[in-house]
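K.L.:
File follows, target_35.cif with mmCIF, N, CA and C atoms:
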data_entry
loop_
_atom_site.label_atom_id
_atom_site.label_comp_id
_atom_site.auth_asym_id
_atom_site.auth_seq_id
_atom_site.Cartn_x
_atom_site.Cartn_y
_atom_site.Cartn_z
N MET A 1 46.11 -22.12 -19.21
CA MET A 1 46.77 -23.31 -19.73
C MET A 1 48.07 -22.90 -20.42
N SER A 2 49.07 -23.71 -20.27
CA SER A 2 50.37 -23.47 -20.87
C SER A 2 50.31 -23.67 -22.38
N ASN A 3 51.16 -23.00 -23.10
CA ASN A 3 51.26 -23.21 -24.54
C ASN A 3 52.24 -24.32 -24.86
N ASP A 4 52.63 -25.08 -23.88
CA ASP A 4 53.57 -26.18 -24.05
C ASP A 4 53.03 -27.15 -25.09
N SER A 5 53.87 -27.60 -26.02
CA SER A 5 53.43 -28.48 -27.10
C SER A 5 53.18 -29.91 -26.63
N SER A 6 53.46 -30.21 -25.35
CA SER A 6 53.25 -31.57 -24.87
C SER A 6 51.81 -31.84 -24.46
N THR A 7 50.97 -30.79 -24.42
CA THR A 7 49.56 -30.99 -24.12
C THR A 7 48.73 -30.28 -25.17
N SER A 8 47.50 -30.68 -25.28
CA SER A 8 46.60 -30.08 -26.24
C SER A 8 45.22 -30.02 -25.62
N ARG A 9 44.45 -29.03 -25.96
CA ARG A 9 43.09 -28.89 -25.44
C ARG A 9 42.14 -29.56 -26.42
N ASP A 10 41.35 -30.49 -25.93
CA ASP A 10 40.34 -31.16 -26.74
C ASP A 10 39.12 -30.25 -26.80
N SER A 11 38.83 -29.72 -27.98
CA SER A 11 37.74 -28.75 -28.10
C SER A 11 36.37 -29.37 -27.83
N ALA A 12 36.21 -30.66 -28.06
CA ALA A 12 34.91 -31.30 -27.86
C ALA A 12 34.59 -31.45 -26.37
N THR A 13 35.60 -31.77 -25.56
CA THR A 13 35.36 -32.02 -24.14
C THR A 13 35.89 -30.91 -23.25
N GLY A 14 36.74 -30.03 -23.80
CA GLY A 14 37.32 -28.97 -22.99
C GLY A 14 38.41 -29.45 -22.06
N SER A 15 38.81 -30.70 -22.18
CA SER A 15 39.83 -31.25 -21.28
C SER A 15 41.19 -31.26 -21.97
N ASP A 16 42.22 -31.34 -21.14
CA ASP A 16 43.56 -31.49 -21.70
C ASP A 16 43.69 -32.87 -22.30
N GLN A 17 44.26 -32.92 -23.48
CA GLN A 17 44.42 -34.18 -24.21
C GLN A 17 45.85 -34.67 -24.05
N PHE A 18 46.02 -35.93 -23.85
CA PHE A 18 47.32 -36.56 -23.75
C PHE A 18 47.88 -36.75 -25.16
N LEU A 19 49.10 -36.29 -25.39
CA LEU A 19 49.75 -36.44 -26.68
C LEU A 19 50.98 -37.33 -26.50
N ALA A 20 50.97 -38.47 -27.12
CA ALA A 20 52.08 -39.42 -26.99
C ALA A 20 52.84 -39.51 -28.30
N ASP A 21 54.10 -39.86 -28.20
CA ASP A 21 54.94 -40.00 -29.39
C ASP A 21 55.14 -41.44 -29.83
N SER A 22 55.09 -42.38 -28.89
CA SER A 22 55.30 -43.77 -29.25
C SER A 22 54.76 -44.66 -28.15
N LEU A 23 54.68 -45.93 -28.45
CA LEU A 23 54.26 -46.93 -27.48
C LEU A 23 55.21 -48.10 -27.59
N GLU A 24 55.78 -48.48 -26.48
CA GLU A 24 56.63 -49.66 -26.45
C GLU A 24 55.90 -50.71 -25.62
N ALA A 25 56.10 -51.96 -25.94
CA ALA A 25 55.42 -53.04 -25.23
C ALA A 25 56.44 -53.91 -24.51
N SER A 26 56.00 -54.48 -23.39
CA SER A 26 56.80 -55.43 -22.64
C SER A 26 55.96 -56.69 -22.47
N LEU A 27 56.51 -57.83 -22.89
CA LEU A 27 55.79 -59.10 -22.82
C LEU A 27 56.56 -60.08 -21.95
N THR A 28 55.87 -60.74 -21.05
CA THR A 28 56.47 -61.78 -20.24
C THR A 28 56.23 -63.11 -20.97
N VAL A 29 57.32 -63.83 -21.21
CA VAL A 29 57.25 -65.05 -22.02
C VAL A 29 57.65 -66.28 -21.22
N LYS A 30 57.15 -67.43 -21.65
CA LYS A 30 57.46 -68.68 -20.95
C LYS A 30 58.87 -69.15 -21.19
N ASN A 31 59.38 -68.97 -22.42
CA ASN A 31 60.73 -69.42 -22.74
C ASN A 31 61.43 -68.30 -23.51
N LEU A 32 62.31 -67.59 -22.84
CA LEU A 32 62.96 -66.42 -23.42
C LEU A 32 63.75 -66.77 -24.67
N ASP A 33 64.48 -67.88 -24.66
CA ASP A 33 65.26 -68.27 -25.84
C ASP A 33 64.37 -68.53 -27.05
N THR A 34 63.25 -69.23 -26.83
CA THR A 34 62.31 -69.51 -27.92
C THR A 34 61.72 -68.23 -28.48
N SER A 35 61.27 -67.34 -27.60
CA SER A 35 60.67 -66.08 -28.04
C SER A 35 61.69 -65.19 -28.73
N LEU A 36 62.90 -65.13 -28.19
CA LEU A 36 63.95 -64.34 -28.82
C LEU A 36 64.21 -64.84 -30.24
N ALA A 37 64.34 -66.14 -30.41
CA ALA A 37 64.58 -66.70 -31.74
C ALA A 37 63.42 -66.37 -32.67
N TRP A 38 62.18 -66.43 -32.19
CA TRP A 38 61.02 -66.16 -33.03
C TRP A 38 60.99 -64.70 -33.46
N TYR A 39 61.12 -63.77 -32.52
CA TYR A 39 61.05 -62.35 -32.87
C TYR A 39 62.24 -61.93 -33.74
N ARG A 40 63.41 -62.48 -33.48
CA ARG A 40 64.61 -62.11 -34.25
C ARG A 40 64.66 -62.83 -35.59
N ASP A 41 64.52 -64.15 -35.58
CA ASP A 41 64.76 -64.95 -36.79
C ASP A 41 63.56 -65.10 -37.70
N VAL A 42 62.36 -65.09 -37.12
CA VAL A 42 61.15 -65.27 -37.93
C VAL A 42 60.58 -63.91 -38.35
N ILE A 43 60.42 -62.99 -37.40
CA ILE A 43 59.84 -61.69 -37.72
C ILE A 43 60.88 -60.72 -38.25
N GLY A 44 62.07 -60.72 -37.68
CA GLY A 44 63.14 -59.85 -38.16
C GLY A 44 63.49 -58.70 -37.24
N PHE A 45 63.11 -58.77 -35.97
CA PHE A 45 63.52 -57.75 -35.01
C PHE A 45 65.02 -57.83 -34.78
N SER A 46 65.61 -56.70 -34.40
CA SER A 46 67.03 -56.65 -34.03
C SER A 46 67.15 -56.64 -32.51
N VAL A 47 68.22 -57.23 -32.00
CA VAL A 47 68.48 -57.21 -30.56
C VAL A 47 69.21 -55.91 -30.23
N ASP A 48 68.59 -55.10 -29.37
CA ASP A 48 69.22 -53.87 -28.91
C ASP A 48 70.08 -54.10 -27.68
N ARG A 49 69.57 -54.92 -26.78
CA ARG A 49 70.28 -55.14 -25.53
C ARG A 49 69.78 -56.42 -24.85
N LYS A 50 70.70 -57.15 -24.28
CA LYS A 50 70.35 -58.31 -23.46
C LYS A 50 70.52 -57.91 -22.00
N HIS A 51 69.52 -58.25 -21.19
CA HIS A 51 69.52 -57.89 -19.77
C HIS A 51 69.78 -59.15 -18.94
N GLU A 52 70.82 -59.08 -18.13
CA GLU A 52 71.18 -60.22 -17.28
C GLU A 52 71.08 -59.83 -15.81
N ARG A 53 70.79 -60.83 -15.01
CA ARG A 53 70.78 -60.68 -13.56
C ARG A 53 71.52 -61.87 -12.99
N ALA A 54 72.57 -61.59 -12.23
CA ALA A 54 73.40 -62.64 -11.64
C ALA A 54 73.90 -63.60 -12.72
N GLY A 55 74.27 -63.04 -13.88
CA GLY A 55 74.82 -63.83 -14.96
C GLY A 55 73.82 -64.61 -15.78
N LYS A 56 72.53 -64.43 -15.49
CA LYS A 56 71.48 -65.17 -16.20
C LYS A 56 70.66 -64.19 -17.05
N LEU A 57 70.40 -64.56 -18.32
CA LEU A 57 69.58 -63.75 -19.21
C LEU A 57 68.15 -63.71 -18.69
N VAL A 58 67.62 -62.50 -18.45
CA VAL A 58 66.27 -62.36 -17.93
C VAL A 58 65.34 -61.58 -18.86
N ALA A 59 65.93 -60.82 -19.81
CA ALA A 59 65.10 -60.04 -20.73
C ALA A 59 65.94 -59.62 -21.92
N VAL A 60 65.24 -59.28 -23.01
CA VAL A 60 65.91 -58.80 -24.22
C VAL A 60 65.11 -57.63 -24.78
N SER A 61 65.82 -56.53 -25.06
CA SER A 61 65.21 -55.38 -25.72
C SER A 61 65.38 -55.55 -27.22
N LEU A 62 64.26 -55.46 -27.95
CA LEU A 62 64.25 -55.66 -29.40
C LEU A 62 63.74 -54.40 -30.10
N SER A 63 64.11 -54.25 -31.37
CA SER A 63 63.58 -53.14 -32.14
C SER A 63 63.39 -53.56 -33.59
N ALA A 64 62.45 -52.87 -34.23
CA ALA A 64 62.20 -52.99 -35.66
C ALA A 64 61.78 -51.60 -36.10
N GLY A 65 62.71 -50.85 -36.68
CA GLY A 65 62.42 -49.46 -36.98
C GLY A 65 62.15 -48.71 -35.70
N ALA A 66 61.02 -48.01 -35.62
CA ALA A 66 60.65 -47.24 -34.43
C ALA A 66 59.95 -48.09 -33.37
N VAL A 67 59.66 -49.34 -33.67
CA VAL A 67 58.95 -50.22 -32.74
C VAL A 67 59.94 -50.81 -31.75
N ARG A 68 59.61 -50.73 -30.47
CA ARG A 68 60.45 -51.28 -29.40
C ARG A 68 59.64 -52.31 -28.63
N LEU A 69 60.28 -53.43 -28.32
CA LEU A 69 59.63 -54.52 -27.61
C LEU A 69 60.62 -55.09 -26.60
N LEU A 70 60.16 -55.29 -25.38
CA LEU A 70 60.95 -55.95 -24.36
C LEU A 70 60.29 -57.29 -24.08
N ILE A 71 61.06 -58.36 -24.20
CA ILE A 71 60.55 -59.68 -23.80
C ILE A 71 61.33 -60.10 -22.57
N SER A 72 60.61 -60.59 -21.56
CA SER A 72 61.27 -60.98 -20.32
C SER A 72 60.80 -62.36 -19.90
N GLN A 73 61.70 -63.08 -19.27
CA GLN A 73 61.43 -64.44 -18.83
C GLN A 73 60.44 -64.44 -17.68
N ASP A 74 59.37 -65.21 -17.81
CA ASP A 74 58.41 -65.38 -16.73
C ASP A 74 59.12 -66.08 -15.57
N ASP A 75 59.01 -65.52 -14.38
CA ASP A 75 59.68 -66.13 -13.22
C ASP A 75 58.81 -67.16 -12.51
N GLY A 76 57.59 -67.37 -12.99
CA GLY A 76 56.71 -68.37 -12.41
C GLY A 76 55.99 -67.93 -11.16
N ALA A 77 56.19 -66.70 -10.73
CA ALA A 77 55.57 -66.21 -9.49
C ALA A 77 54.05 -66.21 -9.55
N LYS A 78 53.48 -66.10 -10.74
CA LYS A 78 52.02 -66.08 -10.89
C LYS A 78 51.50 -67.41 -11.41
N GLY A 79 52.32 -68.45 -11.33
CA GLY A 79 51.92 -69.77 -11.78
C GLY A 79 52.53 -70.11 -13.13
N GLN A 80 52.90 -71.36 -13.31
CA GLN A 80 53.56 -71.80 -14.53
C GLN A 80 52.60 -72.00 -15.70
N ASP A 81 51.35 -72.25 -15.42
CA ASP A 81 50.41 -72.58 -16.48
C ASP A 81 49.41 -71.46 -16.77
N ARG A 82 49.75 -70.24 -16.41
CA ARG A 82 48.81 -69.15 -16.68
C ARG A 82 48.74 -68.87 -18.18
N ILE A 83 47.60 -68.44 -18.62
CA ILE A 83 47.36 -68.16 -20.04
C ILE A 83 47.93 -66.79 -20.37
N THR A 84 48.66 -66.70 -21.47
CA THR A 84 49.21 -65.43 -21.91
C THR A 84 48.61 -65.05 -23.26
N GLY A 85 48.67 -63.78 -23.57
CA GLY A 85 48.25 -63.32 -24.89
C GLY A 85 46.76 -63.10 -25.05
N GLN A 86 45.96 -63.38 -24.03
CA GLN A 86 44.52 -63.22 -24.16
C GLN A 86 44.14 -61.75 -24.07
N GLY A 87 43.33 -61.29 -25.01
CA GLY A 87 42.82 -59.93 -24.96
C GLY A 87 43.81 -58.86 -25.35
N LEU A 88 44.94 -59.26 -25.92
CA LEU A 88 45.95 -58.29 -26.32
C LEU A 88 46.34 -58.55 -27.76
N SER A 89 46.39 -57.48 -28.54
CA SER A 89 46.87 -57.58 -29.91
C SER A 89 47.77 -56.39 -30.17
N LEU A 90 48.95 -56.65 -30.66
CA LEU A 90 49.89 -55.60 -31.00
C LEU A 90 49.77 -55.32 -32.48
N GLN A 91 49.53 -54.08 -32.84
CA GLN A 91 49.44 -53.69 -34.25
C GLN A 91 50.74 -53.02 -34.64
N ILE A 92 51.38 -53.56 -35.65
CA ILE A 92 52.63 -53.01 -36.16
C ILE A 92 52.40 -52.56 -37.59
N THR A 93 52.65 -51.28 -37.86
CA THR A 93 52.49 -50.73 -39.20
C THR A 93 53.87 -50.62 -39.83
N THR A 94 53.97 -51.04 -41.08
CA THR A 94 55.25 -51.03 -41.78
C THR A 94 55.12 -50.31 -43.12
N ARG A 95 56.23 -49.78 -43.57
CA ARG A 95 56.27 -49.18 -44.91
C ARG A 95 56.52 -50.25 -45.97
N GLU A 96 56.87 -51.45 -45.51
CA GLU A 96 57.11 -52.56 -46.43
C GLU A 96 55.78 -53.09 -46.97
N ASN A 97 55.86 -53.84 -48.04
CA ASN A 97 54.72 -54.50 -48.62
C ASN A 97 54.30 -55.65 -47.70
N ALA A 98 53.04 -55.64 -47.25
CA ALA A 98 52.56 -56.65 -46.30
C ALA A 98 52.69 -58.06 -46.85
N ASP A 99 52.44 -58.23 -48.14
CA ASP A 99 52.55 -59.55 -48.75
C ASP A 99 53.99 -60.06 -48.69
N ALA A 100 54.95 -59.16 -48.96
CA ALA A 100 56.36 -59.55 -48.91
C ALA A 100 56.77 -59.91 -47.49
N VAL A 101 56.30 -59.15 -46.51
CA VAL A 101 56.62 -59.45 -45.11
C VAL A 101 56.02 -60.80 -44.72
N ALA A 102 54.77 -61.03 -45.09
CA ALA A 102 54.10 -62.30 -44.77
C ALA A 102 54.84 -63.48 -45.40
N THR A 103 55.25 -63.32 -46.65
CA THR A 103 55.98 -64.39 -47.34
C THR A 103 57.30 -64.67 -46.63
N ARG A 104 58.02 -63.62 -46.26
CA ARG A 104 59.30 -63.78 -45.56
C ARG A 104 59.12 -64.50 -44.22
N ILE A 105 58.07 -64.13 -43.49
CA ILE A 105 57.78 -64.78 -42.21
C ILE A 105 57.49 -66.26 -42.41
N LYS A 106 56.68 -66.59 -43.41
CA LYS A 106 56.36 -68.00 -43.68
C LYS A 106 57.60 -68.78 -44.11
N GLU A 107 58.45 -68.15 -44.91
CA GLU A 107 59.70 -68.81 -45.35
C GLU A 107 60.62 -69.10 -44.16
N ARG A 108 60.50 -68.33 -43.10
CA ARG A 108 61.33 -68.50 -41.91
C ARG A 108 60.66 -69.38 -40.86
N GLY A 109 59.54 -70.01 -41.23
CA GLY A 109 58.88 -70.95 -40.33
C GLY A 109 57.71 -70.39 -39.57
N GLY A 110 57.35 -69.12 -39.77
CA GLY A 110 56.22 -68.53 -39.09
C GLY A 110 54.91 -69.03 -39.68
N ILE A 111 53.88 -69.05 -38.85
CA ILE A 111 52.55 -69.50 -39.27
C ILE A 111 51.60 -68.33 -39.11
N LEU A 112 50.92 -67.96 -40.18
CA LEU A 112 49.98 -66.84 -40.14
C LEU A 112 48.62 -67.32 -39.66
N ASP A 113 47.95 -66.48 -38.87
CA ASP A 113 46.54 -66.73 -38.53
C ASP A 113 45.65 -66.34 -39.70
N SER A 114 46.07 -65.32 -40.45
CA SER A 114 45.32 -64.91 -41.63
C SER A 114 46.29 -64.35 -42.67
N GLU A 115 46.00 -64.63 -43.92
CA GLU A 115 46.80 -64.13 -45.03
C GLU A 115 46.52 -62.64 -45.21
N PRO A 116 47.41 -61.91 -45.89
CA PRO A 116 47.18 -60.48 -46.12
C PRO A 116 45.89 -60.23 -46.89
N VAL A 117 45.12 -59.22 -46.41
CA VAL A 117 43.89 -58.79 -47.07
C VAL A 117 43.82 -57.27 -47.02
N ASP A 118 43.10 -56.70 -47.98
CA ASP A 118 42.84 -55.26 -47.97
C ASP A 118 41.69 -54.97 -47.03
N THR A 119 41.82 -53.89 -46.28
CA THR A 119 40.75 -53.46 -45.38
C THR A 119 40.00 -52.29 -46.01
N PRO A 120 38.78 -52.03 -45.57
CA PRO A 120 38.02 -50.89 -46.10
C PRO A 120 38.69 -49.55 -45.80
N TRP A 121 39.55 -49.48 -44.78
CA TRP A 121 40.20 -48.23 -44.40
C TRP A 121 41.56 -48.04 -45.06
N GLY A 122 41.86 -48.88 -46.07
CA GLY A 122 43.03 -48.65 -46.91
C GLY A 122 44.32 -49.29 -46.46
N ARG A 123 44.26 -50.25 -45.58
CA ARG A 123 45.45 -50.98 -45.14
C ARG A 123 45.42 -52.40 -45.67
N ARG A 124 46.57 -52.98 -45.79
CA ARG A 124 46.70 -54.41 -46.12
C ARG A 124 47.22 -55.04 -44.85
N VAL A 125 46.52 -56.03 -44.30
CA VAL A 125 46.86 -56.59 -42.99
C VAL A 125 46.91 -58.12 -43.02
N PHE A 126 47.73 -58.65 -42.11
CA PHE A 126 47.69 -60.08 -41.81
C PHE A 126 47.95 -60.25 -40.32
N ARG A 127 47.62 -61.42 -39.81
CA ARG A 127 47.73 -61.68 -38.37
C ARG A 127 48.51 -62.96 -38.11
N LEU A 128 49.19 -62.97 -36.96
CA LEU A 128 49.90 -64.15 -36.51
C LEU A 128 50.04 -64.09 -35.00
N ARG A 129 50.54 -65.18 -34.41
CA ARG A 129 50.72 -65.26 -32.95
C ARG A 129 52.16 -65.67 -32.65
N ASP A 130 52.68 -65.11 -31.56
CA ASP A 130 54.03 -65.49 -31.15
C ASP A 130 53.96 -66.80 -30.37
N PRO A 131 55.09 -67.37 -29.94
CA PRO A 131 55.07 -68.66 -29.25
C PRO A 131 54.24 -68.70 -27.97
N ASP A 132 53.96 -67.53 -27.36
CA ASP A 132 53.16 -67.47 -26.14
C ASP A 132 51.69 -67.12 -26.41
N GLY A 133 51.32 -66.98 -27.67
CA GLY A 133 49.94 -66.67 -28.01
C GLY A 133 49.63 -65.19 -28.12
N PHE A 134 50.64 -64.32 -27.96
CA PHE A 134 50.39 -62.90 -28.16
C PHE A 134 50.12 -62.66 -29.64
N ARG A 135 49.04 -61.94 -29.92
CA ARG A 135 48.63 -61.69 -31.30
C ARG A 135 49.30 -60.45 -31.86
N LEU A 136 49.76 -60.56 -33.10
CA LEU A 136 50.33 -59.44 -33.82
C LEU A 136 49.53 -59.23 -35.09
N THR A 137 49.21 -57.98 -35.38
CA THR A 137 48.60 -57.60 -36.64
C THR A 137 49.61 -56.73 -37.35
N ILE A 138 50.02 -57.13 -38.51
CA ILE A 138 51.01 -56.36 -39.28
C ILE A 138 50.28 -55.75 -40.46
N SER A 139 50.43 -54.44 -40.63
CA SER A 139 49.70 -53.76 -41.70
C SER A 139 50.61 -52.81 -42.47
N SER A 140 50.24 -52.62 -43.72
CA SER A 140 50.90 -51.64 -44.58
C SER A 140 49.82 -50.98 -45.44
N HIS A 141 50.18 -49.91 -46.11
CA HIS A 141 49.22 -49.27 -47.01
C HIS A 141 48.87 -50.25 -48.12
N ALA A 142 47.62 -50.24 -48.52
CA ALA A 142 47.17 -51.14 -49.59
C ALA A 142 47.94 -50.84 -50.87
N ALA A 143 48.16 -51.88 -51.64
CA ALA A 143 48.92 -51.73 -52.90
C ALA A 143 48.14 -50.90 -53.90
#
Take the structure in the file and give it back as structure tokens.

P.N.:
Amino acid sequence: MSNDSSTSRDSATGSDQFLADSLEASLTVKNLDTSLAWYRDVIGFSVDRKHERAGKLVAVSLSAGAVRLLISQDDGAKGQDRITGQGLSLQITTRENADAVATRIKERGGILDSEPVDTPWGRRVFRLRDPDGFRLTISSHAA
């Protein structure tokens, strides 16, 4: 086996372990303008890049610190009324105070699914959903 730092040997299973540095998500949304406004104006993501095809906006690359998110316009190829957001939850960890983030989101018109609470594993978390029903869990270290 190579001593390359990109792989690691799992001593319990004897197999090579996958070592990742980050995870970026791509979400297909029903209304790109609505979702862009929500992620930018309500949550506070920054726009990194707008992607156009034939002069039409089709996707937007967003960031918040090290978190990267691509939202793209649903083209309707899989049906206009398909359910989105089922079985998926994005967990975002922040160095900010979870209560302050939750308050800021509510002040900007966001609706929380749950208020911030302390977890047994030492995080303070709250939950909310984007306009398409994708669930977000935002957590910070407990106060």

K.L.:
When you look at Asp41 of chain A with a cut-off of 12 Å (counting only C-alpha atoms), what residues show up, excluding the ones that are within fewer than 3 positions of it in the same chain? I need them as an MDAnalysis selection string.

P.N.:
chainID A and resid 33:38 44:47 62 104:110

K.L.:
If I take atom C of Arg124 of chain A and atom N of Ser139 of chain A, how far is one from the other in Å, to one decimal?

P.N.:
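Separation of atom C of Arg124 of chain A and atom N of Ser139 of chain A: 5.3 Å.
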
K.L.:
Since I can't run it myself right now, could you work out what the PyMOL selection byres ((chain A and resi 112-115) around 6.5) selects here and report it as a PDB file with N, CA and C atoms, in the coordinates of the input?

P.N.:
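Okay, this is what ended up in expr10.pdb:
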ATOM      1  N   LYS A 106      56.680 -66.590 -43.410  1.00  0.00           N
ATOM      2  CA  LYS A 106      56.360 -68.000 -43.680  1.00  0.00           C
ATOM      3  C   LYS A 106      57.600 -68.780 -44.110  1.00  0.00           C
ATOM      4  N   GLY A 110      57.350 -69.120 -39.770  1.00  0.00           N
ATOM      5  CA  GLY A 110      56.220 -68.530 -39.090  1.00  0.00           C
ATOM      6  C   GLY A 110      54.910 -69.030 -39.680  1.00  0.00           C
ATOM      7  N   ILE A 111      53.880 -69.050 -38.850  1.00  0.00           N
ATOM      8  CA  ILE A 111      52.550 -69.500 -39.270  1.00  0.00           C
ATOM      9  C   ILE A 111      51.600 -68.330 -39.110  1.00  0.00           C
ATOM     10  N   PRO A 116      47.410 -61.910 -45.890  1.00  0.00           N
ATOM     11  CA  PRO A 116      47.180 -60.480 -46.120  1.00  0.00           C
ATOM     12  C   PRO A 116      45.890 -60.230 -46.890  1.00  0.00           C
ATOM     13  N   VAL A 117      45.120 -59.220 -46.410  1.00  0.00           N
ATOM     14  CA  VAL A 117      43.890 -58.790 -47.070  1.00  0.00           C
ATOM     15  C   VAL A 117      43.820 -57.270 -47.020  1.00  0.00           C
ATOM     16  N   VAL A 125      46.520 -56.030 -44.300  1.00  0.00           N
ATOM     17  CA  VAL A 125      46.860 -56.590 -42.990  1.00  0.00           C
ATOM     18  C   VAL A 125      46.910 -58.120 -43.020  1.00  0.00           C
ATOM     19  N   PHE A 126      47.730 -58.650 -42.110  1.00  0.00           N
ATOM     20  CA  PHE A 126      47.690 -60.080 -41.810  1.00  0.00           C
ATOM     21  C   PHE A 126      47.950 -60.250 -40.320  1.00  0.00           C
ATOM     22  N   ARG A 127      47.620 -61.420 -39.810  1.00  0.00           N
ATOM     23  CA  ARG A 127      47.730 -61.680 -38.370  1.00  0.00           C
ATOM     24  C   ARG A 127      48.510 -62.960 -38.110  1.00  0.00           C
ATOM     25  N   LEU A 128      49.190 -62.970 -36.960  1.00  0.00           N
ATOM     26  CA  LEU A 128      49.900 -64.150 -36.510  1.00  0.00           C
ATOM     27  C   LEU A 128      50.040 -64.090 -35.000  1.00  0.00           C
ATOM     28  N   ARG A 129      50.540 -65.180 -34.410  1.00  0.00           N
ATOM     29  CA  ARG A 129      50.720 -65.260 -32.950  1.00  0.00           C
ATOM     30  C   ARG A 129      52.160 -65.670 -32.650  1.00  0.00           C
TER      31      ARG A 129
END

K.L.:
From the DSSP assignment of the backbone, select every residue of segment 21-65 of chain A that is strand (DSSP E), and format the answer as a count of residues only.

P.N.:
22

K.L.:
Using all atoms listed in the file, which residue out of A:Lys50, A:Ser140, A:Ala102, A:Phe134 lies closest to Gly122 of chain A?

P.N.:
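Once distances to Gly122 of chain A are computed over all atoms listed in the file, the minimum belongs to A:Ser140.
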
K.L.:
Residues at most 7 Å from Ala59 of chain A, counting only N, CA and C atoms, excluding those fewer than 3 positions away in the same chain, as a PyMOL selection string?

P.N.:
chain A and resi 49-53+56+70-73

K.L.:
Suppose you want the space between atom CA of Gln91 of chain A and atom N of Leu19 of chain A; what is it in Å?

P.N.:
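Straight-line distance from atom CA of Gln91 of chain A to atom N of Leu19 of chain A works out to 19.5 Å.
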
K.L.:
Using atom CA of Ser89 of chain A and atom CA of Ala66 of chain A as the two end points, give the distance in Å to one decimal.

P.N.:
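Rounded to one decimal, the two atoms are 17.8 Å apart.
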
K.L.:
DSSP on the backbone, then: every residue of chain A marked helix (DSSP H, G or I), written as a list in words.

P.N.:
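Of chain A, only Leu32, Asp33, Thr34, Ser35, Leu36, Ala37, Trp38, Tyr39, Arg40, Asp41, Val42, Ile43, Ala98, Asp99, Ala100, Val101, Ala102, Thr103, Arg104, Ile105, Lys106 and Glu107 of chain A fall in helix (DSSP H, G or I).
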
K.L.:
Around segment 54-70 of chain A, with edges along x, y and z and 8 Å added on all six sides, what centre and edge lengths do you get, in Å to one decimal, as lines of an AutoDock Vina configuration file?

P.N.:
center_x = 66.9
center_y = -56.2
center_z = -24.3
size_x = 31.9
size_y = 33.9
size_z = 41.3

K.L.:
Applying the PyMOL selection byres ((chain A and resi 67) around 8) to the file I just gave you, which residues come out? Please list them as a short mmCIF file (atom, residue, chain, number, x, y, z; two decimals) with N, CA and C atoms, keeping the file's coordinate frame.

P.N.:
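Everything below was put into expr.cif:
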data_model
loop_
_atom_site.label_atom_id
_atom_site.label_comp_id
_atom_site.auth_asym_id
_atom_site.auth_seq_id
_atom_site.Cartn_x
_atom_site.Cartn_y
_atom_site.Cartn_z
N LEU A 23 54.68 -45.93 -28.45
CA LEU A 23 54.26 -46.93 -27.48
C LEU A 23 55.21 -48.10 -27.59
N GLU A 24 55.78 -48.48 -26.48
CA GLU A 24 56.63 -49.66 -26.45
C GLU A 24 55.90 -50.71 -25.62
N ALA A 25 56.10 -51.96 -25.94
CA ALA A 25 55.42 -53.04 -25.23
C ALA A 25 56.44 -53.91 -24.51
N LEU A 62 64.26 -55.46 -27.95
CA LEU A 62 64.25 -55.66 -29.40
C LEU A 62 63.74 -54.40 -30.10
N SER A 63 64.11 -54.25 -31.37
CA SER A 63 63.58 -53.14 -32.14
C SER A 63 63.39 -53.56 -33.59
N ALA A 64 62.45 -52.87 -34.23
CA ALA A 64 62.20 -52.99 -35.66
C ALA A 64 61.78 -51.60 -36.10
N GLY A 65 62.71 -50.85 -36.68
CA GLY A 65 62.42 -49.46 -36.98
C GLY A 65 62.15 -48.71 -35.70
N ALA A 66 61.02 -48.01 -35.62
CA ALA A 66 60.65 -47.24 -34.43
C ALA A 66 59.95 -48.09 -33.37
N ARG A 68 59.61 -50.73 -30.47
CA ARG A 68 60.45 -51.28 -29.40
C ARG A 68 59.64 -52.31 -28.63
N LEU A 69 60.28 -53.43 -28.32
CA LEU A 69 59.63 -54.52 -27.61
C LEU A 69 60.62 -55.09 -26.60
N LEU A 70 60.16 -55.29 -25.38
CA LEU A 70 60.95 -55.95 -24.36
C LEU A 70 60.29 -57.29 -24.08
N ILE A 92 51.38 -53.56 -35.65
CA ILE A 92 52.63 -53.01 -36.16
C ILE A 92 52.40 -52.56 -37.59
#

K.L.:
Could you check which of A:Ile138, A:Ile43, A:Leu32, A:Ala20 is closest to Asn97 of chain A, using only C-alpha atoms?

P.N.:
A:Ile138

K.L.:
Which one is closest to Val29 of chain A: A:Thr93, A:His141, A:Asp132, A:Asp81? Count only N, CA and C atoms.

P.N.:
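Smallest distance to Val29 of chain A is found for A:Asp132.
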
K.L.:
Considering only N, CA and C atoms, state which residue in the set A:Ser61, A:Ala100, A:Pro131, A:Thr137 is at the smallest distance from Lys30 of chain A.

P.N.:
A:Pro131
